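A.B. asks: Handing you a structure now.
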Amino acid sequence: MKKFTALLLVMLMLCSCCVTANAEDTINSGELLKQHSPSEITVLYPELCDYLAGQFREYKTDISVESFGVNVKDIDSIFFSVLCENPDIFYINPHDFETTVRVETNDLISIRPYYLLTGSALTDAVAEFDKATEKYLEGISPDWSDCDKALYLHDKLVLTCEYDMEEFNQDLLIFTAYGAMVMNDAVCEGYTLAYKHLLSKVGVESHYIQSLPMRHSWNLVYIDGKIYHVDVTYDDPSNDNLGRVEHKWFLLSDNEISSGGVHHDWASSAKAGSKIYDKSWVKNVSTAIYKIGDSDYYIDQLYSASIYGSLMRRNRDTGANKSQYMTTARWLVADMANGAFWERAYCYLAYDGKYFYFNDTDSIYRLEPGSTKPEAIYTKPENTDYDIYGLAFRLDGTLRVTIKKNPSDMDVIYALSGDFPEPTGNNPKAPLSVDSYEVKADGTVKLLRYETSDENLILPDTINGKTVTELGSNLLAGNTSLKNVIIPDTITEVPSLLFYNCTKLESVTLPKNLKRIESAAFMGCESLGELLVPDTVAAIGKNAFMGCVNITLKGKKGSVAESYAKSYGISFEELNSEPEPDVPVPTVKTVKLSVKLYVKQTCKVTNDFGGSVKYTSKNKSIASVSSKGVITGKKAGKTVVTANSSGITAKITVTVVAPKLTKKTFTLKKGNTYTIKIVGKVGKATFKSANKKIATVNSKGKVRARKRGKTTITVKSNGVTMKCVVKVK
């Protein structure tokens with residue numbers, strides 16, 4: 001259900017009443033989208049959709065649409081459809097925008113999109129997106145059929161992108177083609193939009209479709225004049241092995257995709273009637289498929305009763321398959337002494353345009369197409385008891401390998417360092433990169449895996465002069481040696497499963513500017529005691545501390561840590577108020593400084609004079625200062641506080657800002673709620689409704705709509721009185 005917040009505007013020149021509204025949701029469910037696909041909606045409104053796409057590409061923030069005569073009830077569907085049909089416009093929030101509407105007719109006057117990125121961040125992201133597009137298209141021949149191009153891009157997207165399993169992830173870029181192609185992290189919308197974008201670049205028509213009951217999207221792809229379903233998301237299983245690519249949902253008819261009872265109720269009048277590919281041979285292949293000349297190459301993971309995987313060469317003209325090379329290893333079931341092995345060969349295939357790369361349990365091999373003599377170019381470390389369970393290239397050409405205990409375990413990914421040696425007939429061991437890290441596009445470093453047997457660990461903030469800004473999931477998972485860990489201040493997010501089953505972990509020092517703790521980050525850390533959570537943390541994921549039976553969260557009163565602890569029944573200890581922000585005074589004759597405070601907020605001047613100090617305020621009604629140098633904001637305004645000692649003077653310009661409400665007017669439907677938010681609140685705030693029959697408000701500012709009408713909520717904070725108007729429909 002869409003939520004609307006209305007602000008009444010009187011336009012005297014027009015003698016007309018207009019409403020500014022905000023539309024927001026996590027999946028678009030406009031009435032038009034219940035009956036039509038986004039492409040069909042753009043056909044219904046071609047001029048408006050072309051116009052909006054052009055305005056978005058020019059980064060416009062206030063777009064007049066009055067001349068198109070569109071009704072406001074259709075704009076959320078139209079807005080969403082424009083972005084679906086133009087995946088390169090990834091920088092606009094697809095589920096949130098403002099509109100100005102003429103009340104008498106409900107006609108739309110203007111639209112104001114919300115940009116996910118602005119300024120240099122936006123221009124840099126567009127450049128990254130274009131670069132990623134070029135990388136994806138590398139390896140495609142213009143002579144290929146549309147089916148070949150669709151298969152190649154399908155496989156490359158599955159190999160490169162990972163489905164975002166964090167249900168509380170608030171980064172809206174995972175819903176976009178940018179998320180899938182640049183961040184390599186997306187949900188179904190991101191996969192669908194990326195696939196549409198890439199297909200358009202090679203001349204293959206495709207469209208975005210969605211099922212509202214499924215809360216899922218996928219593509220309709222046009223091959224040789226016929227329409228087929230392709231669900232790239234479902235072909236990228238979340239319970240994954242590196243290099244795994246399914247083809248069960250590639251080029252299906254309406255009947256086939258709906259036969260399993262999974263896909264249903266999609267909105268589109270287009271009919272996928274052709275069954276040519278419903279039972280294609282590719283449906284049984286779980287590795288990437290590479291077209292070279294007149295042959296297709298892939299790994300048959302069920303090659304024989306002995307479960308030895310084989311690199312297969314399939315003749316396109318005859319359909320005949322021939323084994324080019326068969327592995328001789330079997331993947332044994334861990335912790336079983338009877339030699340039981342899995343009924344599948346977990347070897348996967350990668351191709352760099354010259355060589356094939358594939359794995360068995362212990363090594364990675366390189367083989368030229370047509371050859372039958374592979375060369376081992378990497379062997380797992382001798383002290384590693386676990387097996388290799390897959391490999392794949394990143395877009396930047398880095399070959400990665402996963403070594404883990406069982407196929408159902410989460411991938412533990414290592415990046416192979418440096419260029420591979422030319423064939424020499426020997427078996428070199430390619431070393432793992434330092435602490436298994438990767439350099440990101442922005443020049444910073446992401447740690448992928450950190451192996452240590454030490455009890456105490458300080459994670460690095462730089463590697464080879466590059467700043468470490470990101471930690472990979474499972475970075476330290478399963479480490480039973482660790483007791484104390486310090487995470488550097490260059491990190492702003494604790495990823496999911498970072499300390500999974502670190503059973504001896506006793507203490508962790510979190511970064512001072514930490515923003516998020518993802519779900520299951522500390523799962524199973526049964527020895528973890530007190531954890532100080534910085535007040536900069538804005539979100540903590542579901543079950544972040546599951547199994548942490550001895551934990552106590554420490555933080556400020558009213559912080560996210562406190563509310564999270566209450567929700568999950570975790571012990572919480574309130575910290576004493578942190579030291580007030582200091583205004584440093586260097587030892588020079590005259591110093592000019594400045595500080596910004598909210599009303600009733602305080603700060604303290606650091607006494608670096610070495611003797612007694614006299615403090616004065618030019619205007620005590622705006623800001624006072626005590627004999628100990630504590631400055632207190634009194635009311636909005638600007639004044640100067642002077643600190644003087646032995647001829648050394650510091651003049652501190654103090655700007656005092658009053659608290660304010662984020663919204664001064666809003667509209668609710670009967671029964672709905674909205675929580676009033678205050679910027680600059682110090683201490684407690686009080687809330688009072690002028691008419692409780694229309695809307696009530698509790699001590700935390702949560703407003704509940706009771707019946708139609710309008711009332712005023714009076715808010716008092718920091719000694720300042722503010723008012724907001726609530727209208728109940």
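FYI, nothing fancy with the structure tokens labels: chains A, B, ... in order, residues from 1 per chain, ligands from 1 as they appear.
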If you count only C-alpha atoms, which residues fall within 8 Å of Lys710 in chain A, apart from same-chain ones fewer than 3 positions away, as a VMD selection string?
C.D. replies: chain A and resid 694 725 to 728
A.B. asks: Which residues are close to Ile388 in chain A, i.e. within 7 Å by only C-alpha atoms, leaving aside same-chain residues fewer than 2 positions away? Reply as JSON, numbers by chain.
C.D. replies: {"A": [360, 361, 362, 390, 402, 403, 404]}
A.B. asks: Generate a file of the selected residues that holds N, CA and C atoms, formatted as a short mmCIF file (atom, residue, chain, number, x, y, z; two decimals), in the first residue's frame.
C.D. replies:
data_model
loop_
_atom_site.label_atom_id
_atom_site.label_comp_id
_atom_site.auth_asym_id
_atom_site.auth_seq_id
_atom_site.Cartn_x
_atom_site.Cartn_y
_atom_site.Cartn_z
N ASP A 360 39.74 -29.72 -9.54
CA ASP A 360 39.32 -30.93 -8.85
C ASP A 360 39.42 -30.62 -7.36
N THR A 361 39.57 -31.61 -6.51
CA THR A 361 39.57 -31.35 -5.07
C THR A 361 40.80 -30.59 -4.59
N ASP A 362 41.93 -30.75 -5.29
CA ASP A 362 43.19 -30.20 -4.79
C ASP A 362 43.82 -29.11 -5.65
N GLY A 390 35.15 -24.97 -6.20
CA GLY A 390 34.73 -24.13 -7.31
C GLY A 390 35.70 -23.01 -7.61
N THR A 402 37.34 -21.26 -4.14
CA THR A 402 36.75 -21.47 -2.83
C THR A 402 37.20 -22.81 -2.27
N ILE A 403 37.66 -22.79 -1.02
CA ILE A 403 38.11 -24.00 -0.31
C ILE A 403 37.28 -24.10 0.96
N LYS A 404 36.57 -25.21 1.12
CA LYS A 404 35.70 -25.34 2.28
C LYS A 404 35.49 -26.80 2.63
#
A.B. asks: One decimal, in Å: what's the spacing between CA of Lys556 in chain A and CA of Leu575 in chain A?
C.D. replies: 5.4 Å
A.B. asks: What gap, in Å, lies between CA of Val508 in chain A and CA of Asn484 in chain A?
C.D. replies: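 Interatomic distance, CA of Val508 in chain A to CA of Asn484 in chain A: 5.9 Å.
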A.B. asks: Among range 284-499 of chain A, which ones does DSSP place in strand (DSSP E), written as a PyMOL selection string?
C.D. replies: chain A and resi 290-292+295-300+310-315+321-326+349-351+356-359+363-367+375-379+387-393+399-404+413-415+437-439+445-447+456-458+462-463+466-471+484-486+493-494
A.B. asks: Taking into account only C-alpha atoms, which residue in the set A:Trp342, A:Tyr325, A:Trp281, A:Phe68 is nearest to Tyr365 in chain A?
C.D. replies: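 Among A:Trp342, A:Tyr325, A:Trp281, A:Phe68, it is A:Tyr325 that comes nearest to Tyr365 in chain A.
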A.B. asks: Using only C-alpha atoms, which residues sit within 7 Å of Lys542 in chain A once same-chain residues fewer than 2 positions away are excluded, as a list of chain:residue names?
C.D. replies: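 Skipping anything fewer than 2 positions along the chain leaves A:Ser519, A:Ala520, A:Ile540, A:Ala544.
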A.B. asks: Could you take the residues named above and write them with C-alpha atoms, as an mmCIF file, in the first residue's frame?
C.D. replies:
data_model
loop_
_atom_site.group_PDB
_atom_site.id
_atom_site.type_symbol
_atom_site.label_atom_id
_atom_site.label_comp_id
_atom_site.auth_asym_id
_atom_site.auth_seq_id
_atom_site.Cartn_x
_atom_site.Cartn_y
_atom_site.Cartn_z
ATOM 1 C CA SER A 519 22.507 -9.948 10.509
ATOM 2 C CA ALA A 520 24.216 -12.910 12.191
ATOM 3 C CA ILE A 540 21.576 -3.754 13.533
ATOM 4 C CA ALA A 544 23.131 -10.306 14.828
#
A.B. asks: Near Ala186 in chain A, counting only C-alpha atoms, which residues have an atom at most 12 Å away, once you skip same-chain residues fewer than 2 positions from it, shown as number ranges by chain?
C.D. replies: A: 157-158, 160-167, 169-184, 188-194, 232-233, 236, 238
A.B. asks: Do a neighbour search on Leu242 in chain A at 8 Å with only C-alpha atoms, toss out local chain neighbours closer than 5 positions, and write the hits as JSON, numbers by chain.
C.D. replies: {"A": [159, 348, 389, 390, 391, 392, 401, 402, 411]}
A.B. asks: Taking the DSSP assignment computed from this structure's backbone, write out as JSON, numbers by chain all residues of range 10-151 of chain A that belong to helix (DSSP H, G or I).
C.D. replies: {"A": [32, 33, 34, 38, 39, 40, 41, 42, 43, 44, 46, 47, 48, 49, 50, 51, 52, 53, 54, 55, 56, 57, 66, 67, 68, 72, 73, 74, 75, 76, 77, 78, 79, 80, 81, 82, 83, 84, 85, 119, 120, 121, 122, 123, 124, 125, 126, 127, 128, 129, 130, 131, 132, 133, 134, 135, 136, 137, 146, 147, 148, 149, 150, 151]}
A.B. asks: Tell me, as a ChimeraX atom specification, which residues lie within 10 Å of range 312-317 of chain A, counting only C-alpha atoms; anything in the same chain fewer than 3 positions away does not count.
C.D. replies: /A:289-301,303,309,320-326,369-370
A.B. asks: Write out, as an mmCIF file, in the first residue's frame, the residues just selected, with C-alpha atoms.
C.D. replies:
data_model
loop_
_atom_site.group_PDB
_atom_site.id
_atom_site.type_symbol
_atom_site.label_atom_id
_atom_site.label_comp_id
_atom_site.auth_asym_id
_atom_site.auth_seq_id
_atom_site.Cartn_x
_atom_site.Cartn_y
_atom_site.Cartn_z
ATOM 1 C CA ILE A 289 28.704 -22.805 -21.029
ATOM 2 C CA TYR A 290 31.217 -21.375 -23.498
ATOM 3 C CA LYS A 291 30.759 -21.214 -27.281
ATOM 4 C CA ILE A 292 33.991 -21.641 -29.244
ATOM 5 C CA GLY A 293 33.710 -22.197 -32.976
ATOM 6 C CA ASP A 294 31.114 -24.852 -33.677
ATOM 7 C CA SER A 295 31.259 -26.321 -30.162
ATOM 8 C CA ASP A 296 29.895 -25.672 -26.686
ATOM 9 C CA TYR A 297 32.101 -26.451 -23.682
ATOM 10 C CA TYR A 298 30.876 -27.162 -20.145
ATOM 11 C CA ILE A 299 31.477 -29.490 -17.191
ATOM 12 C CA ASP A 300 29.342 -32.601 -16.810
ATOM 13 C CA GLN A 301 29.309 -33.058 -13.042
ATOM 14 C CA TYR A 303 29.813 -37.971 -15.920
ATOM 15 C CA GLY A 309 33.441 -34.637 -13.525
ATOM 16 C CA ALA A 320 27.122 -35.178 -30.042
ATOM 17 C CA ASN A 321 29.053 -34.871 -26.763
ATOM 18 C CA LYS A 322 32.684 -35.860 -26.250
ATOM 19 C CA SER A 323 34.740 -35.839 -23.058
ATOM 20 C CA GLN A 324 37.828 -33.682 -23.566
ATOM 21 C CA TYR A 325 39.227 -34.334 -20.098
ATOM 22 C CA MET A 326 37.911 -36.253 -17.092
ATOM 23 C CA PRO A 369 40.434 -25.677 -26.206
ATOM 24 C CA GLY A 370 41.035 -28.795 -28.265
#
A.B. asks: Any idea what's packed within 7 Å of Ile652 in chain A, counting only C-alpha atoms, ignoring anything in its chain fewer than 2 positions away? Could you give it as a PyMOL selection string?
C.D. replies: chain A and resi 592-594+640-642+650+654
